[in-house]
Protein chains: 2
Amino acid sequence: MLGSLLFIESFFLLLSAIVSLLYQDQAFYSLLIPSAIAFLLGGFAWYKTSKAPKSLGKREGYLIVSLVWVVFSIFGSLPFMISGEIPGFTDAFFETMSGFTTTGASILNNIEAMPKGLLFWRSITQWMGGMGMIVMSLAILPMLGIGGMELFVAEVPGPTTDKLHPRVRQTAKRLWGIYTAFTAMEIILLMFGGMNFFDAINHSFTTMATGGYSTKQASIAGETPYIQYVISLFMLIAGVNFTLSYFALKFKFKKVFSNEEFRWYISFVFAFTVALTAIVYFRNYTDGLEKAFRDSLFQVISIITTTGYVTADYLEWGTFGIMLIFTMMFLGGSAGSTGGGIKIVRVIILFKNSLLEFKRLLHPRAVIPVRLNHKAVNQMIVTNVLAFIVFYILTFVAGSIIMAALGLDLESSMGSVIACLGNIGPGIGSVGPVVNFAHIPDVGKWILSFLMLMGRLELFTVMIIFTPVFWKR
Amino acid sequence: MLGSLLFIESFFLLLSAIVSLLYQDQAFYSLLIPSAIAFLLGGFAWYKTSKAPKSLGKREGYLIVSLVWVVFSIFGSLPFMISGEIPGFTDAFFETMSGFTTTGASILNNIEAMPKGLLFWRSITQWMGGMGMIVMSLAILPMLGIGGMELFVAEVPGPTTDKLHPRVRQTAKRLWGIYTAFTAMEIILLMFGGMNFFDAINHSFTTMATGGYSTKQASIAGETPYIQYVISLFMLIAGVNFTLSYFALKFKFKKVFSNEEFRWYISFVFAFTVALTAIVYFRNYTDGLEKAFRDSLFQVISIITTTGYVTADYLEWGTFGIMLIFTMMFLGGSAGSTGGGIKIVRVIILFKNSLLEFKRLLHPRAVIPVRLNHKAVNQMIVTNVLAFIVFYILTFVAGSIIMAALGLDLESSMGSVIACLGNIGPGIGSVGPVVNFAHIPDVGKWILSFLMLMGRLELFTVMIIFTPVFWKR
């Protein structure tokens, strides 16, 4: 099954090879060879799979999904290595995993010098990873019908379970439909603002995926205000539950605006933007209020959706500003969006449950459930959400301690870990918005790559594989 | 009731005044006057209370306990202000609240220059606060018998509920009995090692309270290895659940060693000591392995029990060492000990519940409870523990953001907040082990004082007063 999924990767590698050919950039064979290998392995696996049993349990679901991401990242790093653009396997794997997981943390020091085909491949990894390889496969490959639900749950494990269609295949199709539609819209709007076709496609891919890879070393800092606002808008959309976007596209706005997670998401963006605009404006009012607002809005949306694009170096916004940014890094987008992080809905459940604890202290015998969208949330889900957040924080702490042990300073340790675990990209300290991850020791890059995967698959899917209970019986 | 509790404070102020008289140190009247005021107000309140209704609800319990600590701190700061040793109310209140909550964060720059009577009072505040004013009152004042349980629960809110005696008054008496016995033992052992009587009493008071106020500016750094080991031992004891100490004093060691929290507590101390000894030794091996071990052991126990004594500047132990120290700051002592922080048992429940989540993912329909000491833990308690930890971390984050807004750097913001919220004393950054809190802006000192109180009363008791549900009906 793993192998047969390689067909998809093979296809996108081929697409990148064609781009390479069009731009005459010498990376053609570096992309074609991995594509061919993936195709052959995929064919071989397909042939084998047709004879294998077609049932799929929970355990197999978790295992396959986790492994798919690793296998895709290994194949995906081949073009960088073959072309010699990123010669080391560690760096190439880091860059590719950072792509697929839509983290956007890069080790490249001169992005513009990269062959266009490879840049395109780099953006494609994010676009594929944004909606998820399994979700894509479910939509395209008919053979995944059996056991599809187990795979879907393992790749999209959020606490909200509203599906777009009772059949998982139809849900996956609609999700990819909306995703593609928004990407197309953004391409058009960016080109309308004067961006060339190549940059428009790449940025649209990495915006909708909340990935953050840019074709420019300066990220979005050099673009016009119009472009920056357009990208802000689409980052904002990408951070919304795609189920809600589906309703919005059908003009069912009431369903969107009555959704609690959506309301909180917009409120967070609003509150943080106002606070940061004030901070930025008073630190440097010569640039004017509009620039302060634009930079703040852009960075707030970029961080909260875990995209990681940069228009301003927020590390120059003072300790208070950095603390706000750092706090946002833990929030993340909505469940069912392409954003990473803890996710807004979990934060809401966390808050509500914690506040109810006061009521429970005064009325110890009453059963007082958390209510979300006017419905009582199952206590099992609440416990799961709390456990998730605990693991998230523990992983953050453990990761930070390890990075500190590798010689990073305190801020960079915490910054690099949350930037990767939250699939954000830039962090704080020496991995801030205007620097990159090239200087991290190799061991650190492997750990951070693993954290990206854990973050993208929302911890449990990856972690469960390392528990004894998973392998029992 | 609040007023009648002032009798106790009046008594200890009088005791300090007598110490002042014995040492001829000019602080006699500064201590006598507040004692007299507290006595008169106490008498007046006693007279009034005897006519008031004697029933006490949950809400009254939370309110009284929270207010007692504030009122005691206000009265307790009078001697510092009247004597002119700490002229400002903000500083005096900070120092006193830091005492009662056994935090040990100080604003004093020249501790040796303080009159002995005031130093004694400073240590007494910690000793009173260590076991708790309410617990003391329950043991001494017969009038608190009615509603005593509500007060006890509000002041000792840990997740473990094993009482030493079915009657709360007897429990309180035994707790204070053990507490006093250990304090006496430590005084004897310190004097045996050559410490003078005054220093021995003061250090014993603040050790058993896990407070950390010393009569020396250099804390415990200048003492002999023997003294440092003795203090390590008693800090370790003070961080154990006093119920277990009670069993230990009755030679029921099996009950102690089979206790899960105790085993984890000792394991944490062991693991962190080994790690830090290695770090300290390799950073500076000329001082020898014994010194590295002694400094590490002392600082590990001091931080994990939230005492806050200092024998070595752990900020010089490198980023990795600091990260380990910083992590320990969140652990805290055992439930039912005088230590602060999150408390070991909560961390255990948190870990166990989180690990069980994997089992629950694979068996969604099974009810899988957390087990502690071979018994299933009520799911309500698990939820409460998780909510506690969430509030703890949120309070830490919110506090750090506010301190950053007041102009502190990132490390000092986080360091000052966890040092106060965890009732530790020294933090990291500019409030590290060899500096103090004098430079914090006034607003910051008030916020930190509030955090100390929240930490000491384990969040809910203080926070619940600020919820609408508390004031309803």
# chains A, B, ... in the order shown; residues from 1 in each chain; ligands from 1
$ closest_atom_pairs --of "chain A" --to "chain B" --cutoff "8 Å" --atoms "only C-alpha atoms" --output "Markdown table"
| residue | atom | partner | partner_atom | distance |
| --- | --- | --- | --- | --- |
| A:Lys58 | CA | B:Leu362 | CA | 6.8 |
| A:Arg59 | CA | B:Leu362 | CA | 7.4 |
| A:Thr319 | CA | B:Ala404 | CA | 5.7 |
| A:Phe320 | CA | B:Ala405 | CA | 4.9 |
| A:Met323 | CA | B:Ile401 | CA | 5.9 |
| A:Leu324 | CA | B:Ile401 | CA | 7.2 |
| A:Thr327 | CA | B:Val397 | CA | 7.8 |
| A:Leu350 | CA | B:Val390 | CA | 7.7 |
| A:Asn353 | CA | B:Ala387 | CA | 7.2 |
| A:Ser354 | CA | B:Ala387 | CA | 4.9 |
| A:Glu357 | CA | B:Asn384 | CA | 6.6 |
| A:Phe358 | CA | B:Ile464 | CA | 5.9 |
| A:Lys359 | CA | B:Val469 | CA | 6.5 |
| A:Leu362 | CA | B:Lys58 | CA | 6.8 |
| A:Thr383 | CA | B:Thr383 | CA | 7.3 |
| A:Asn384 | CA | B:Glu357 | CA | 6.6 |
| A:Leu386 | CA | B:Leu386 | CA | 6.7 |
| A:Ala387 | CA | B:Ser354 | CA | 4.9 |
| A:Phe388 | CA | B:Ser354 | CA | 7.6 |
| A:Val390 | CA | B:Ser354 | CA | 7.4 |
| A:Phe391 | CA | B:Ser354 | CA | 7.2 |
| A:Val397 | CA | B:Thr327 | CA | 7.8 |
| A:Ile401 | CA | B:Met323 | CA | 5.9 |
| A:Ile402 | CA | B:Phe320 | CA | 7.9 |
| A:Ala404 | CA | B:Phe320 | CA | 5.1 |
| A:Ala405 | CA | B:Phe320 | CA | 4.9 |
| A:Gly407 | CA | B:Thr319 | CA | 7.4 |
| A:Leu408 | CA | B:Thr319 | CA | 7.6 |
| A:Asp409 | CA | B:Thr319 | CA | 6.1 |
| A:Leu410 | CA | B:Thr319 | CA | 6.3 |
| A:Phe460 | CA | B:Phe358 | CA | 7.2 |
| A:Ile464 | CA | B:Phe358 | CA | 5.9 |
| A:Thr467 | CA | B:Phe358 | CA | 7.8 |
| A:Val469 | CA | B:Lys359 | CA | 6.5 |
| A:Phe470 | CA | B:Leu362 | CA | 7.9 |
$ select_by_dssp --residues "region 207-450 of chain B" --states "strand (DSSP E)" --output "ChimeraX atom specification"
/B:371-372,375-376
$ select_by_dssp --residues "region 12-258 of chain A" --states "helix (DSSP H, G or I)" --output "PyMOL selection string"
chain A and resi 12-23+28-49+58-83+89-100+111-113+116-131+133-140+142-145+148-155+168-192+197-208+225-238+242-249+253-257
$ residues_around --residues "Gly427 (chain B)" --least-positions-apart "5" --cutoff "10 Å" --atoms "only C-alpha atoms" --output "PDB file with C-alpha atoms, in the first residue's frame"
ATOM      1  CA  ALA B 105      11.936  35.823  46.915  1.00  0.00           C
ATOM      2  CA  ILE B 303      14.425  23.691  43.535  1.00  0.00           C
ATOM      3  CA  GLY B 308      15.049  28.168  47.049  1.00  0.00           C
ATOM      4  CA  TYR B 314      23.179  27.453  38.680  1.00  0.00           C
ATOM      5  CA  LEU B 315      22.949  30.089  35.946  1.00  0.00           C
ATOM      6  CA  ILE B 325      16.680  23.563  36.595  1.00  0.00           C
ATOM      7  CA  PHE B 326      13.897  25.434  34.814  1.00  0.00           C
ATOM      8  CA  MET B 329      10.713  24.497  38.785  1.00  0.00           C
ATOM      9  CA  GLU B 411      14.333  34.902  30.635  1.00  0.00           C
ATOM     10  CA  SER B 412      13.728  37.204  33.584  1.00  0.00           C
ATOM     11  CA  SER B 413      10.015  37.419  32.766  1.00  0.00           C
ATOM     12  CA  MET B 414       9.603  33.668  32.765  1.00  0.00           C
ATOM     13  CA  GLY B 415      12.052  33.252  35.644  1.00  0.00           C
ATOM     14  CA  SER B 416      10.388  35.740  37.990  1.00  0.00           C
ATOM     15  CA  VAL B 417       6.911  34.342  37.311  1.00  0.00           C
ATOM     16  CA  ILE B 418       7.751  30.679  37.866  1.00  0.00           C
ATOM     17  CA  ALA B 419       9.875  31.563  40.903  1.00  0.00           C
ATOM     18  CA  CYS B 420       6.855  33.253  42.521  1.00  0.00           C
ATOM     19  CA  GLY B 422       5.937  27.975  42.200  1.00  0.00           C
ATOM     20  CA  GLY B 432      18.674  34.300  39.449  1.00  0.00           C
ATOM     21  CA  PRO B 433      20.116  32.700  42.567  1.00  0.00           C
ATOM     22  CA  VAL B 434      22.730  35.358  43.341  1.00  0.00           C
ATOM     23  CA  VAL B 435      20.542  38.411  42.699  1.00  0.00           C
ATOM     24  CA  ASN B 436      17.148  39.454  44.043  1.00  0.00           C
ATOM     25  CA  PHE B 437      13.803  41.059  43.203  1.00  0.00           C
TER      26      PHE B 437
END
$ atom_distance --atom1 "CA of Leu31 (chain B)" --atom2 "CA of Phe93 (chain B)"
15.3 Å
$ atom_distance --atom1 "CA of Val370 (chain A)" --atom2 "CA of Leu151 (chain B)"
28.6 Å
$ atom_distance --atom1 "CA of Leu421 (chain B)" --atom2 "CA of Thr103 (chain B)"
8.4 Å
$ closest_residue --among "A:Gly339, A:Ala27, A:Asp295, A:Val153" --to "Gly130 (chain A)" --atoms "only C-alpha atoms"
A:Gly339
$ closest_residue --among "B:Phe272, B:Phe251, B:Tyr309, B:Phe89" --to "Ser232 (chain B)" --atoms "only C-alpha atoms"
B:Tyr309
$ closest_atom_pairs --of "region 209-306 of chain B" --to "region 166-190 of chain B" --cutoff "10 Å" --atoms "only C-alpha atoms" --output "CSV"
residue,atom,partner,partner_atom,distance
B:Ala209,CA,B:Tyr179,CA,8.7
B:Tyr226,CA,B:Leu190,CA,8.6
B:Ile227,CA,B:Leu190,CA,6.2
B:Gln228,CA,B:Leu190,CA,9.5
B:Val230,CA,B:Leu190,CA,7.1
B:Ile231,CA,B:Glu186,CA,7.8
B:Leu233,CA,B:Glu186,CA,9.3
B:Phe234,CA,B:Glu186,CA,7.0
B:Ile237,CA,B:Phe182,CA,8.6
B:Ala238,CA,B:Tyr179,CA,8.5
B:Phe242,CA,B:Leu175,CA,6.7
B:Thr243,CA,B:Leu175,CA,7.7
B:Ser245,CA,B:Ile178,CA,7.6
B:Tyr246,CA,B:Ile178,CA,6.7
B:Leu249,CA,B:Ile178,CA,8.5
$ write_last_selection --atoms "C-alpha atoms" --output "short mmCIF file (atom, residue, chain, number, x, y, z; two decimals), in the first residue's frame"
data_model
loop_
_atom_site.label_atom_id
_atom_site.label_comp_id
_atom_site.auth_asym_id
_atom_site.auth_seq_id
_atom_site.Cartn_x
_atom_site.Cartn_y
_atom_site.Cartn_z
CA ALA B 209 8.59 25.36 55.41
CA TYR B 226 28.03 19.00 56.83
CA ILE B 227 25.53 21.86 57.22
CA GLN B 228 24.73 21.73 53.50
CA VAL B 230 21.87 18.38 56.78
CA ILE B 231 19.81 21.10 55.14
CA LEU B 233 18.15 16.12 54.05
CA PHE B 234 15.54 18.26 55.80
CA ILE B 237 11.86 15.55 54.18
CA ALA B 238 9.84 18.78 53.93
CA PHE B 242 3.55 14.73 55.91
CA THR B 243 1.18 11.80 56.16
CA SER B 245 6.44 11.24 57.44
CA TYR B 246 3.94 10.38 60.15
CA LEU B 249 8.06 8.25 62.47
#
$ residues_around --residues "Asp25 (chain A)" --least-positions-apart "4" --cutoff "8 Å" --atoms "only C-alpha atoms" --output "list in words"
Ser20, Leu21, Pro115, Lys116 and Gly117 of chain A
$ write_last_selection --atoms "all heavy atoms" --output "CSV table (one decimal), in the first residue's frame"
chain,number,residue,atom,x,y,z
A,20,SER,N,10.8,22.1,-14.9
A,20,SER,CA,12.3,22.2,-15.1
A,20,SER,C,12.6,22.3,-16.6
A,20,SER,O,13.5,23.1,-17.0
A,20,SER,CB,13.0,21.0,-14.5
A,20,SER,OG,14.3,21.2,-14.4
A,21,LEU,N,12.0,21.5,-17.4
A,21,LEU,CA,12.3,21.5,-18.8
A,21,LEU,C,11.9,22.8,-19.5
A,21,LEU,O,12.6,23.4,-20.3
A,21,LEU,CB,11.4,20.3,-19.4
A,21,LEU,CG,11.9,19.8,-20.8
A,21,LEU,CD1,13.3,19.2,-20.7
A,21,LEU,CD2,10.9,18.7,-21.3
A,115,PRO,N,17.4,26.1,-9.1
A,115,PRO,CA,16.7,25.9,-10.3
A,115,PRO,C,15.2,25.9,-10.1
A,115,PRO,O,14.7,25.5,-9.1
A,115,PRO,CB,17.1,24.5,-10.7
A,115,PRO,CG,18.4,24.2,-10.0
A,115,PRO,CD,18.3,25.0,-8.7
A,116,LYS,N,14.5,26.5,-11.1
A,116,LYS,CA,13.0,26.7,-11.0
A,116,LYS,C,12.3,25.4,-10.7
A,116,LYS,O,11.3,25.3,-10.0
A,116,LYS,CB,12.5,27.4,-12.2
A,116,LYS,CG,12.9,28.9,-12.3
A,116,LYS,CD,11.6,29.7,-12.5
A,116,LYS,CE,11.8,31.2,-12.3
A,116,LYS,NZ,13.0,31.9,-12.5
A,117,GLY,N,12.7,24.3,-11.4
A,117,GLY,CA,12.1,23.0,-11.2
A,117,GLY,C,12.1,22.5,-9.8
A,117,GLY,O,11.1,22.0,-9.3
$ residues_around --residues "Trp46 (chain A)" --least-positions-apart "6" --cutoff "8 Å" --atoms "only C-alpha atoms" --output "tab-separated table (two decimals) with all heavy atoms, in the first residue's frame"
chain	number	residue	atom	x	y	z
A	1	MET	N	0.83	-1.21	0.00
A	1	MET	CA	0.00	0.00	0.00
A	1	MET	C	0.86	1.26	0.00
A	1	MET	O	0.64	2.19	-0.73
A	1	MET	CB	-0.92	0.01	1.22
A	1	MET	CG	-1.82	1.22	1.24
A	1	MET	SD	-3.17	1.03	2.39
A	1	MET	CE	-4.26	-0.05	1.46
A	3	GLY	N	3.82	1.44	-1.13
A	3	GLY	CA	4.42	1.56	-2.45
A	3	GLY	C	3.46	2.16	-3.45
A	3	GLY	O	3.83	3.03	-4.24
A	4	SER	N	2.23	1.68	-3.41
A	4	SER	CA	1.29	2.14	-4.43
A	4	SER	C	0.99	3.64	-4.28
A	4	SER	O	0.63	4.32	-5.24
A	4	SER	CB	0.01	1.31	-4.39
A	4	SER	OG	-0.52	1.31	-3.09
$ residues_around --residues "Thr311 (chain A)" --least-positions-apart "2" --cutoff "8 Å" --atoms "only C-alpha atoms" --output "ChimeraX atom specification"
/A:218-222,295,298-299,309,313
$ write_last_selection --atoms "C-alpha atoms" --output "PDB file, in the first residue's frame"
ATOM      1  CA  ALA A 218      13.195  37.791   1.581  1.00  0.00           C
ATOM      2  CA  SER A 219       9.900  35.850   1.691  1.00  0.00           C
ATOM      3  CA  ILE A 220       6.993  38.296   1.176  1.00  0.00           C
ATOM      4  CA  ALA A 221       8.820  41.376   2.524  1.00  0.00           C
ATOM      5  CA  GLY A 222       9.619  42.763  -0.944  1.00  0.00           C
ATOM      6  CA  ASP A 295       2.914  44.058   9.071  1.00  0.00           C
ATOM      7  CA  PHE A 298       0.342  39.671   8.090  1.00  0.00           C
ATOM      8  CA  GLN A 299       2.551  38.276  10.843  1.00  0.00           C
ATOM      9  CA  TYR A 309       5.751  33.791   5.637  1.00  0.00           C
ATOM     10  CA  ASP A 313      11.344  40.878  11.493  1.00  0.00           C
TER      11      ASP A 313
END
$ residues_around --residues "Thr305 (chain B)" --least-positions-apart "5" --cutoff "8 Å" --atoms "only C-alpha atoms" --output "mmCIF file with N, CA and C atoms, in the first residue's frame"
data_model
loop_
_atom_site.group_PDB
_atom_site.id
_atom_site.type_symbol
_atom_site.label_atom_id
_atom_site.label_comp_id
_atom_site.auth_asym_id
_atom_site.auth_seq_id
_atom_site.Cartn_x
_atom_site.Cartn_y
_atom_site.Cartn_z
ATOM 1 N N THR B 210 9.968 24.796 53.474
ATOM 2 C CA THR B 210 10.460 24.941 52.104
ATOM 3 C C THR B 210 10.376 26.401 51.659
ATOM 4 N N MET B 235 15.297 19.519 53.722
ATOM 5 C CA MET B 235 14.495 20.000 52.584
ATOM 6 C C MET B 235 13.792 18.811 51.947
ATOM 7 N N LEU B 236 14.557 17.709 51.790
ATOM 8 C CA LEU B 236 13.998 16.510 51.171
ATOM 9 C C LEU B 236 12.806 15.995 51.983
ATOM 10 N N ALA B 238 10.934 17.806 53.998
ATOM 11 C CA ALA B 238 9.841 18.780 53.925
ATOM 12 C C ALA B 238 9.058 18.638 52.623
ATOM 13 N N GLY B 239 9.686 18.062 51.605
ATOM 14 C CA GLY B 239 9.011 17.886 50.326
ATOM 15 C C GLY B 239 8.207 16.597 50.243
ATOM 16 N N GLY B 332 7.748 20.708 41.592
ATOM 17 C CA GLY B 332 7.282 20.953 42.955
ATOM 18 C C GLY B 332 7.372 19.727 43.830
ATOM 19 N N GLY B 333 7.060 19.906 45.120
ATOM 20 C CA GLY B 333 7.150 18.820 46.090
ATOM 21 C C GLY B 333 5.984 17.865 45.988
ATOM 22 N N GLY B 339 6.008 21.885 50.225
ATOM 23 C CA GLY B 339 6.526 22.354 48.936
ATOM 24 C C GLY B 339 5.442 22.930 48.043
ATOM 25 N N GLY B 340 5.849 23.778 47.112
ATOM 26 C CA GLY B 340 4.902 24.390 46.176
ATOM 27 C C GLY B 340 4.937 23.702 44.824
ATOM 28 N N ILE B 424 9.115 29.297 44.790
ATOM 29 C CA ILE B 424 10.495 28.822 44.838
ATOM 30 C C ILE B 424 11.416 29.859 45.461
#
